[in-house]
file work_14.pdb (PDB, C-alpha atoms)
MODEL        1
ATOM      1  CA  MET L   1     -26.339 -14.087   4.012
ATOM      2  CA  ASP L   2     -24.276 -12.754   6.923
ATOM      3  CA  MET L   3     -22.752  -9.448   5.791
ATOM      4  CA  THR L   4     -20.318  -9.144   8.716
ATOM      5  CA  PRO L   5     -16.954  -8.330   7.076
ATOM      6  CA  GLU L   6     -15.181 -11.160   8.894
ATOM      7  CA  LYS L   7     -17.639 -13.683   7.410
ATOM      8  CA  LEU L   8     -17.432 -12.494   3.799
ATOM      9  CA  THR L   9     -15.178 -14.094   1.201
ATOM     10  CA  ASP L  10     -12.231 -12.176  -0.205
ATOM     11  CA  ARG L  11     -14.128 -11.560  -3.428
ATOM     12  CA  GLN L  12     -17.175 -10.228  -1.529
ATOM     13  CA  LEU L  13     -14.953  -7.941   0.540
ATOM     14  CA  ILE L  14     -13.306  -6.625  -2.622
ATOM     15  CA  GLU L  15     -16.702  -5.942  -4.208
ATOM     16  CA  GLN L  16     -17.894  -4.151  -1.058
ATOM     17  CA  THR L  17     -14.696  -2.099  -0.900
ATOM     18  CA  LEU L  18     -15.054  -1.071  -4.540
ATOM     19  CA  ALA L  19     -18.639  -0.071  -3.730
ATOM     20  CA  GLY L  20     -17.221   2.340  -1.128
ATOM     21  CA  HIS L  21     -17.333   0.320   2.098
ATOM     22  CA  THR L  22     -13.751   0.812   3.265
ATOM     23  CA  ILE L  23     -14.315  -1.136   6.488
ATOM     24  CA  CYS L  24     -14.425  -4.208   4.251
ATOM     25  CA  TYR L  25     -10.962  -3.411   2.913
ATOM     26  CA  GLU L  26      -9.602  -3.196   6.436
ATOM     27  CA  ALA L  27     -11.085  -6.632   7.231
ATOM     28  CA  LEU L  28      -9.689  -8.049   3.983
ATOM     29  CA  PHE L  29      -6.180  -6.691   4.531
ATOM     30  CA  ASP L  30      -6.195  -7.806   8.191
ATOM     31  CA  ARG L  31      -6.619 -11.401   6.990
ATOM     32  CA  TYR L  32      -3.214 -11.255   5.338
ATOM     33  CA  ARG L  33      -1.386  -8.781   7.591
ATOM     34  CA  PRO L  34       0.235 -11.380   9.933
ATOM     35  CA  GLN L  35       1.640 -13.471   7.064
ATOM     36  CA  LEU L  36       2.808 -10.383   5.177
ATOM     37  CA  TYR L  37       4.456  -8.964   8.269
ATOM     38  CA  ALA L  38       6.255 -12.243   8.989
ATOM     39  CA  ALA L  39       7.496 -12.475   5.390
ATOM     40  CA  LEU L  40       8.649  -8.854   5.379
ATOM     41  CA  LEU L  41      10.334  -9.190   8.754
ATOM     42  CA  SER L  42      12.283 -12.196   7.505
ATOM     43  CA  LYS L  43      13.331 -10.225   4.396
ATOM     44  CA  CYS L  44      14.363  -6.945   5.964
ATOM     45  CA  GLY L  45      15.135  -8.059   9.534
ATOM     46  CA  ASP L  46      13.828  -4.865  11.132
ATOM     47  CA  GLU L  47      10.410  -4.480  12.759
ATOM     48  CA  GLN L  48      10.041  -0.793  11.898
ATOM     49  CA  ASP L  49      11.037  -1.343   8.262
ATOM     50  CA  ALA L  50       8.595  -4.268   8.006
ATOM     51  CA  GLY L  51       5.878  -2.068   9.536
ATOM     52  CA  ASP L  52       6.615   0.743   7.088
ATOM     53  CA  ILE L  53       6.440  -1.640   4.129
ATOM     54  CA  ILE L  54       3.143  -3.081   5.455
ATOM     55  CA  GLN L  55       1.691   0.439   5.563
ATOM     56  CA  GLU L  56       2.883   1.177   2.040
ATOM     57  CA  THR L  57       1.395  -2.142   0.902
ATOM     58  CA  TYR L  58      -1.931  -1.283   2.572
ATOM     59  CA  VAL L  59      -2.146   2.061   0.761
ATOM     60  CA  LYS L  60      -0.826   0.862  -2.602
ATOM     61  CA  ALA L  61      -3.118  -2.192  -2.674
ATOM     62  CA  TYR L  62      -6.112  -0.053  -1.739
ATOM     63  CA  PHE L  63      -5.602   2.435  -4.538
ATOM     64  CA  ASN L  64      -4.863  -0.317  -7.054
ATOM     65  CA  LEU L  65      -7.781  -2.523  -6.005
ATOM     66  CA  PRO L  66      -9.812  -1.595  -9.123
ATOM     67  CA  ARG L  67      -6.987  -3.194 -11.152
ATOM     68  CA  TYR L  68      -7.004  -6.432  -9.109
ATOM     69  CA  ASN L  69      -7.239  -9.486 -11.362
ATOM     70  CA  PRO L  70      -9.443 -12.214  -9.794
ATOM     71  CA  GLU L  71      -7.411 -14.884 -11.607
ATOM     72  CA  TYR L  72      -5.023 -14.485  -8.666
ATOM     73  CA  THR L  73      -5.977 -14.863  -5.042
ATOM     74  CA  PHE L  74      -5.983 -11.618  -3.112
ATOM     75  CA  GLY L  75      -3.223 -13.100  -0.955
ATOM     76  CA  GLN L  76      -0.974 -13.677  -3.985
ATOM     77  CA  TRP L  77      -1.695 -10.230  -5.321
ATOM     78  CA  VAL L  78      -1.061  -8.343  -2.068
ATOM     79  CA  TYR L  79       2.035 -10.463  -1.370
ATOM     80  CA  THR L  80       3.399  -9.465  -4.786
ATOM     81  CA  ILE L  81       2.871  -5.797  -3.942
ATOM     82  CA  ALA L  82       4.588  -6.251  -0.564
ATOM     83  CA  ARG L  83       7.458  -8.208  -2.130
ATOM     84  CA  ASN L  84       8.018  -5.552  -4.790
ATOM     85  CA  LEU L  85       7.934  -2.784  -2.195
ATOM     86  CA  SER L  86      10.453  -4.688  -0.051
ATOM     87  CA  ILE L  87      12.756  -5.075  -3.056
ATOM     88  CA  ASP L  88      12.480  -1.333  -3.757
ATOM     89  CA  PHE L  89      13.135  -0.640  -0.085
ATOM     90  CA  ALA L  90      16.222  -2.875  -0.095
ATOM     91  CA  ARG L  91      17.552  -1.153  -3.224
ATOM     92  CA  ARG L  92      17.084   2.264  -1.678
ATOM     93  CA  LYS L  93      18.731   1.135   1.518
ATOM     94  CA  ARG L  94      21.664  -0.399  -0.381
ATOM     95  CA  SER L  95      22.128   2.743  -2.428
ATOM     96  CA  ALA L  96      22.227   4.703   0.842
ATOM     97  CA  GLY L  97      25.184   2.592   2.005
ATOM     98  CA  SER L  98      23.466  -0.152   3.971
ATOM     99  CA  THR L  99      22.979  -3.716   2.837
ATOM    100  CA  VAL L 100      19.805  -5.716   3.235
ATOM    101  CA  SER L 101      19.345  -9.270   2.062
ATOM    102  CA  ILE L 102      16.173 -10.038   0.149
ATOM    103  CA  ASP L 103      17.127 -13.658  -0.495
ATOM    104  CA  GLY L 104      15.720 -16.698   1.225
ATOM    105  CA  THR L 105      12.032 -16.150   0.671
ATOM    106  CA  GLY L 106      11.628 -19.790  -0.302
ATOM    107  CA  GLY L 107       8.454 -18.871  -2.177
ATOM    108  CA  THR L 108       7.622 -19.189  -5.813
ATOM    109  CA  GLU L 109       7.698 -16.188  -8.080
ATOM    110  CA  ILE L 110       4.307 -14.690  -8.718
ATOM    111  CA  ASN L 111       3.823 -12.527 -11.759
ATOM    112  CA  PRO L 112       1.486  -9.659 -10.934
ATOM    113  CA  PRO L 113      -1.416  -9.065 -13.283
ATOM    114  CA  CYS L 114      -0.567  -6.398 -15.813
ATOM    115  CA  ASP L 115      -3.546  -6.348 -18.169
ATOM    116  CA  MET L 116      -4.784  -2.967 -19.325
ATOM    117  CA  PRO L 117      -7.938  -1.884 -17.494
ATOM    118  CA  ASN L 118     -11.240  -2.204 -19.296
ATOM    119  CA  PRO L 119     -13.590   0.828 -19.571
ATOM    120  CA  GLU L 120     -15.426  -0.036 -16.359
ATOM    121  CA  GLU L 121     -12.132  -0.352 -14.477
ATOM    122  CA  ARG L 122     -11.001   3.010 -15.879
ATOM    123  CA  ILE L 123     -14.190   4.642 -14.589
ATOM    124  CA  ILE L 124     -13.759   3.032 -11.170
ATOM    125  CA  SER L 125     -10.104   4.062 -11.138
ATOM    126  CA  HIS L 126     -11.094   7.635 -12.016
ATOM    127  CA  GLN L 127     -13.658   7.645  -9.183
ATOM    128  CA  ARG L 128     -11.012   6.294  -6.782
ATOM    129  CA  GLY L 129      -8.692   9.063  -7.927
ATOM    130  CA  ARG L 130     -11.323  11.687  -7.132
ATOM    131  CA  MET L 131     -11.899  10.054  -3.732
ATOM    132  CA  LEU L 132      -8.159  10.111  -3.096
ATOM    133  CA  ASP L 133      -8.028  13.794  -4.042
ATOM    134  CA  LYS L 134     -10.747  14.526  -1.469
ATOM    135  CA  LEU L 135      -8.885  12.588   1.212
ATOM    136  CA  MET L 136      -5.613  14.271   0.293
ATOM    137  CA  ASP L 137      -7.277  17.677   0.721
ATOM    138  CA  GLU L 138      -7.966  16.721   4.348
ATOM    139  CA  LEU L 139      -4.287  16.099   5.086
ATOM    140  CA  PRO L 140      -2.106  18.909   6.412
ATOM    141  CA  PRO L 141      -0.050  20.355   3.512
ATOM    142  CA  ARG L 142       3.274  18.947   4.808
ATOM    143  CA  TYR L 143       1.811  15.417   4.815
ATOM    144  CA  ARG L 144       0.019  15.855   1.485
ATOM    145  CA  THR L 145       3.325  16.857  -0.103
ATOM    146  CA  MET L 146       5.022  13.750   1.297
ATOM    147  CA  ILE L 147       2.286  11.419   0.005
ATOM    148  CA  GLU L 148       2.369  13.052  -3.425
ATOM    149  CA  LEU L 149       6.150  12.807  -3.730
ATOM    150  CA  ARG L 150       6.451   9.282  -2.333
ATOM    151  CA  PHE L 151       3.415   7.496  -3.793
ATOM    152  CA  VAL L 152       2.434   9.552  -6.825
ATOM    153  CA  GLY L 153       5.877  10.737  -7.909
ATOM    154  CA  GLU L 154       7.521   7.551  -6.586
ATOM    155  CA  TYR L 155      10.542   9.479  -5.300
ATOM    156  CA  SER L 156      12.954   7.728  -2.940
ATOM    157  CA  TYR L 157      13.447   9.036   0.596
ATOM    158  CA  GLU L 158      16.810  10.434  -0.479
ATOM    159  CA  GLU L 159      15.316  12.215  -3.491
ATOM    160  CA  ILE L 160      12.579  13.755  -1.334
ATOM    161  CA  ALA L 161      15.137  14.901   1.242
ATOM    162  CA  GLU L 162      17.221  16.523  -1.483
ATOM    163  CA  LYS L 163      14.205  18.075  -3.219
ATOM    164  CA  LEU L 164      12.806  19.576   0.002
ATOM    165  CA  GLY L 165      16.163  20.343   1.642
ATOM    166  CA  MET L 166      15.329  18.254   4.723
ATOM    167  CA  PRO L 167      17.263  15.679   6.708
ATOM    168  CA  ILE L 168      16.381  12.136   5.630
ATOM    169  CA  GLY L 169      15.195  11.302   9.169
ATOM    170  CA  THR L 170      12.621  14.096   8.983
ATOM    171  CA  VAL L 171      11.456  12.835   5.589
ATOM    172  CA  LYS L 172      11.030   9.272   6.892
ATOM    173  CA  THR L 173       9.130  10.488   9.954
ATOM    174  CA  ARG L 174       6.801  12.690   7.919
ATOM    175  CA  ILE L 175       6.117   9.959   5.366
ATOM    176  CA  HIS L 176       5.384   7.508   8.179
ATOM    177  CA  ARG L 177       2.983   9.977   9.819
ATOM    178  CA  ALA L 178       1.413  10.888   6.485
ATOM    179  CA  ARG L 179       0.748   7.191   5.735
ATOM    180  CA  GLU L 180      -0.782   6.730   9.170
ATOM    181  CA  LYS L 181      -3.061   9.731   8.691
ATOM    182  CA  LEU L 182      -4.085   8.638   5.193
ATOM    183  CA  CYS L 183      -4.760   5.066   6.387
ATOM    184  CA  ALA L 184      -6.849   6.458   9.253
ATOM    185  CA  LEU L 185      -8.889   8.544   6.810
ATOM    186  CA  ILE L 186      -9.416   5.548   4.526
ATOM    187  CA  THR L 187     -10.579   3.243   7.302
ATOM    188  CA  ALA L 188     -12.693   5.919   9.026
ATOM    189  CA  ARG L 189     -14.934   6.309   5.980
ATOM    190  CA  LYS L 190     -17.747   3.938   5.261
ATOM    191  CA  LEU L 191     -18.232   5.699   1.916
ATOM    192  CA  LEU L 192     -15.532   7.877   0.425
TER     193      LEU L 192
ENDMDL
END

call {"tool": "encode", "arguments": {"input": "work_14.pdb", "output": "structure tokens"}}
result
Amino acid sequence: MDMTPEKLTDRQLIEQTLAGHTICYEALFDRYRPQLYAALLSKCGDEQDAGDIIQETYVKAYFNLPRYNPEYTFGQWVYTIARNLSIDFARRKRSAGSTVSIDGTGGTEINPPCDMPNPEERIISHQRGRMLDKLMDELPPRYRTMIELRFVGEYSYEEIAEKLGMPIGTVKTRIHRAREKLCALITARKLL
């Protein structure tokens, strides 16, 4: 069997990623990136916002991959994550005084899997958490703080700005850079 990531099925890429081969996750996500980007761009109407949501989707899907339910296609699952992040983004933007339309997707609603993890999934999730901790230790402290507040604490940009006493533009820039650095660390590792 050809083990080139581009030739593997989604399920095989997921299995390889869970085994620690992060290059397989990059290949898997790249299969869906163009469609996700187009859908997000049509929802939020801004290239940078769509790019930010894609990066958040990349990270969130990666760390939740042990919870992926194979009853759904990976495309459905990752689209659901992206859609939910875009809705959260639109809410935050609206609450900051701007309006963003999230209507007109034309797609069907997809209910994300929400089953409780089994013991094996809990162990894998714990291992992923330890791997994440190691990667987080490699980030500069200012970026680690941003990742922890945004993705672990799930604070909004406004809440982070208030909590750290920073302008919101600085917060957005640091979160963007922190995501880029974390994504680079994830994809640079064959084994975490």

call {"tool": "residues_around", "arguments": {"input": "work_14.pdb", "residues": "L:Glu148", "least_positions_apart": "5", "cutoff": "12 Å", "atoms": "only C-alpha atoms", "output": "number ranges by chain"}}
result
L: 132-133, 136-137, 139, 141-143, 153-156, 160, 175, 178-179, 182

call {"tool": "resolve_selection", "arguments": {"input": "work_14.pdb", "expression": "the PyMOL selection byres ((chain L and resi 53-70) around 8)", "output": "PyMOL selection string"}}
result
chain L and resi 11+14+18+25+29+33+36-37+40+49-52+71-74+77-78+81-82+85-86+89+113+117+121+124-125+128+151+179-180+183

call {"tool": "write_last_selection", "arguments": {"input": "work_14.pdb", "atoms": "C-alpha atoms", "output": "compact mmCIF listing (two decimals), in the frame of the given file"}}
result
# COMPACT_ATOMS: atom_id res chain seq x y z
CA ARG L 11 -14.13 -11.56 -3.43
CA ILE L 14 -13.31 -6.62 -2.62
CA LEU L 18 -15.05 -1.07 -4.54
CA TYR L 25 -10.96 -3.41 2.91
CA PHE L 29 -6.18 -6.69 4.53
CA ARG L 33 -1.39 -8.78 7.59
CA LEU L 36 2.81 -10.38 5.18
CA TYR L 37 4.46 -8.96 8.27
CA LEU L 40 8.65 -8.85 5.38
CA ASP L 49 11.04 -1.34 8.26
CA ALA L 50 8.60 -4.27 8.01
CA GLY L 51 5.88 -2.07 9.54
CA ASP L 52 6.62 0.74 7.09
CA GLU L 71 -7.41 -14.88 -11.61
CA TYR L 72 -5.02 -14.48 -8.67
CA THR L 73 -5.98 -14.86 -5.04
CA PHE L 74 -5.98 -11.62 -3.11
CA TRP L 77 -1.70 -10.23 -5.32
CA VAL L 78 -1.06 -8.34 -2.07
CA ILE L 81 2.87 -5.80 -3.94
CA ALA L 82 4.59 -6.25 -0.56
CA LEU L 85 7.93 -2.78 -2.19
CA SER L 86 10.45 -4.69 -0.05
CA PHE L 89 13.14 -0.64 -0.08
CA PRO L 113 -1.42 -9.06 -13.28
CA PRO L 117 -7.94 -1.88 -17.49
CA GLU L 121 -12.13 -0.35 -14.48
CA ILE L 124 -13.76 3.03 -11.17
CA SER L 125 -10.10 4.06 -11.14
CA ARG L 128 -11.01 6.29 -6.78
CA PHE L 151 3.42 7.50 -3.79
CA ARG L 179 0.75 7.19 5.74
CA GLU L 180 -0.78 6.73 9.17
CA CYS L 183 -4.76 5.07 6.39

call {"tool": "atom_distance", "arguments": {"input": "work_14.pdb", "atom1": "atom CA of L:Leu13", "atom2": "atom CA of L:Asp30"}}
result
11.6 Å

call {"tool": "residues_around", "arguments": {"input": "work_14.pdb", "residues": "L:Ala27", "least_positions_apart": "2", "cutoff": "12 Å", "atoms": "all atoms listed in the file", "output": "PyMOL selection string"}}
result
chain L and resi 4-10+12-14+16-17+21-25+29-33+58+187

call {"tool": "write_last_selection", "arguments": {"input": "work_14.pdb", "atoms": "C-alpha atoms", "output": "CSV table (one decimal), in the coordinates of the input"}}
result
chain,number,residue,atom,x,y,z
L,4,THR,CA,-20.3,-9.1,8.7
L,5,PRO,CA,-17.0,-8.3,7.1
L,6,GLU,CA,-15.2,-11.2,8.9
L,7,LYS,CA,-17.6,-13.7,7.4
L,8,LEU,CA,-17.4,-12.5,3.8
L,9,THR,CA,-15.2,-14.1,1.2
L,10,ASP,CA,-12.2,-12.2,-0.2
L,12,GLN,CA,-17.2,-10.2,-1.5
L,13,LEU,CA,-15.0,-7.9,0.5
L,14,ILE,CA,-13.3,-6.6,-2.6
L,16,GLN,CA,-17.9,-4.2,-1.1
L,17,THR,CA,-14.7,-2.1,-0.9
L,21,HIS,CA,-17.3,0.3,2.1
L,22,THR,CA,-13.8,0.8,3.3
L,23,ILE,CA,-14.3,-1.1,6.5
L,24,CYS,CA,-14.4,-4.2,4.3
L,25,TYR,CA,-11.0,-3.4,2.9
L,29,PHE,CA,-6.2,-6.7,4.5
L,30,ASP,CA,-6.2,-7.8,8.2
L,31,ARG,CA,-6.6,-11.4,7.0
L,32,TYR,CA,-3.2,-11.3,5.3
L,33,ARG,CA,-1.4,-8.8,7.6
L,58,TYR,CA,-1.9,-1.3,2.6
L,187,THR,CA,-10.6,3.2,7.3

call {"tool": "atom_distance", "arguments": {"input": "work_14.pdb", "atom1": "atom CA of L:Pro140", "atom2": "atom CA of L:Lys181"}}
result
9.5 Å

call {"tool": "atom_distance", "arguments": {"input": "work_14.pdb", "atom1": "atom CA of L:Ala38", "atom2": "atom CA of L:Tyr157"}}
result
24.0 Å

call {"tool": "build_atoms", "arguments": {"input": "work_14.pdb", "residues": "stretch 46-59 of chain L", "atoms": "N, CA and C atoms", "output": "PDB file, in the coordinates of the input"}}
result
ATOM      1  N   ASP L  46      14.063  -5.999  10.236  1.00  0.00           N
ATOM      2  CA  ASP L  46      13.828  -4.865  11.132  1.00  0.00           C
ATOM      3  C   ASP L  46      12.327  -4.654  11.276  1.00  0.00           C
ATOM      4  N   GLU L  47      11.853  -4.602  12.516  1.00  0.00           N
ATOM      5  CA  GLU L  47      10.410  -4.480  12.759  1.00  0.00           C
ATOM      6  C   GLU L  47       9.840  -3.182  12.200  1.00  0.00           C
ATOM      7  N   GLN L  48      10.558  -2.076  12.396  1.00  0.00           N
ATOM      8  CA  GLN L  48      10.041  -0.793  11.898  1.00  0.00           C
ATOM      9  C   GLN L  48       9.992  -0.781  10.373  1.00  0.00           C
ATOM     10  N   ASP L  49      11.041  -1.294   9.726  1.00  0.00           N
ATOM     11  CA  ASP L  49      11.037  -1.343   8.262  1.00  0.00           C
ATOM     12  C   ASP L  49       9.894  -2.218   7.759  1.00  0.00           C
ATOM     13  N   ALA L  50       9.694  -3.378   8.397  1.00  0.00           N
ATOM     14  CA  ALA L  50       8.595  -4.268   8.006  1.00  0.00           C
ATOM     15  C   ALA L  50       7.254  -3.560   8.192  1.00  0.00           C
ATOM     16  N   GLY L  51       7.112  -2.819   9.294  1.00  0.00           N
ATOM     17  CA  GLY L  51       5.878  -2.068   9.536  1.00  0.00           C
ATOM     18  C   GLY L  51       5.647  -0.983   8.507  1.00  0.00           C
ATOM     19  N   ASP L  52       6.726  -0.302   8.119  1.00  0.00           N
ATOM     20  CA  ASP L  52       6.615   0.743   7.088  1.00  0.00           C
ATOM     21  C   ASP L  52       6.184   0.138   5.752  1.00  0.00           C
ATOM     22  N   ILE L  53       6.773  -1.001   5.404  1.00  0.00           N
ATOM     23  CA  ILE L  53       6.440  -1.640   4.129  1.00  0.00           C
ATOM     24  C   ILE L  53       4.998  -2.148   4.158  1.00  0.00           C
ATOM     25  N   ILE L  54       4.550  -2.648   5.318  1.00  0.00           N
ATOM     26  CA  ILE L  54       3.143  -3.081   5.455  1.00  0.00           C
ATOM     27  C   ILE L  54       2.220  -1.892   5.198  1.00  0.00           C
ATOM     28  N   GLN L  55       2.538  -0.739   5.771  1.00  0.00           N
ATOM     29  CA  GLN L  55       1.691   0.439   5.563  1.00  0.00           C
ATOM     30  C   GLN L  55       1.682   0.850   4.098  1.00  0.00           C
ATOM     31  N   GLU L  56       2.827   0.839   3.464  1.00  0.00           N
ATOM     32  CA  GLU L  56       2.883   1.177   2.040  1.00  0.00           C
ATOM     33  C   GLU L  56       2.065   0.182   1.222  1.00  0.00           C
ATOM     34  N   THR L  57       2.157  -1.103   1.596  1.00  0.00           N
ATOM     35  CA  THR L  57       1.395  -2.142   0.902  1.00  0.00           C
ATOM     36  C   THR L  57      -0.101  -1.892   1.058  1.00  0.00           C
ATOM     37  N   TYR L  58      -0.525  -1.552   2.276  1.00  0.00           N
ATOM     38  CA  TYR L  58      -1.931  -1.283   2.572  1.00  0.00           C
ATOM     39  C   TYR L  58      -2.462  -0.184   1.647  1.00  0.00           C
ATOM     40  N   VAL L  59      -1.712   0.915   1.567  1.00  0.00           N
ATOM     41  CA  VAL L  59      -2.146   2.061   0.761  1.00  0.00           C
ATOM     42  C   VAL L  59      -2.104   1.729  -0.728  1.00  0.00           C
TER      43      VAL L  59
END
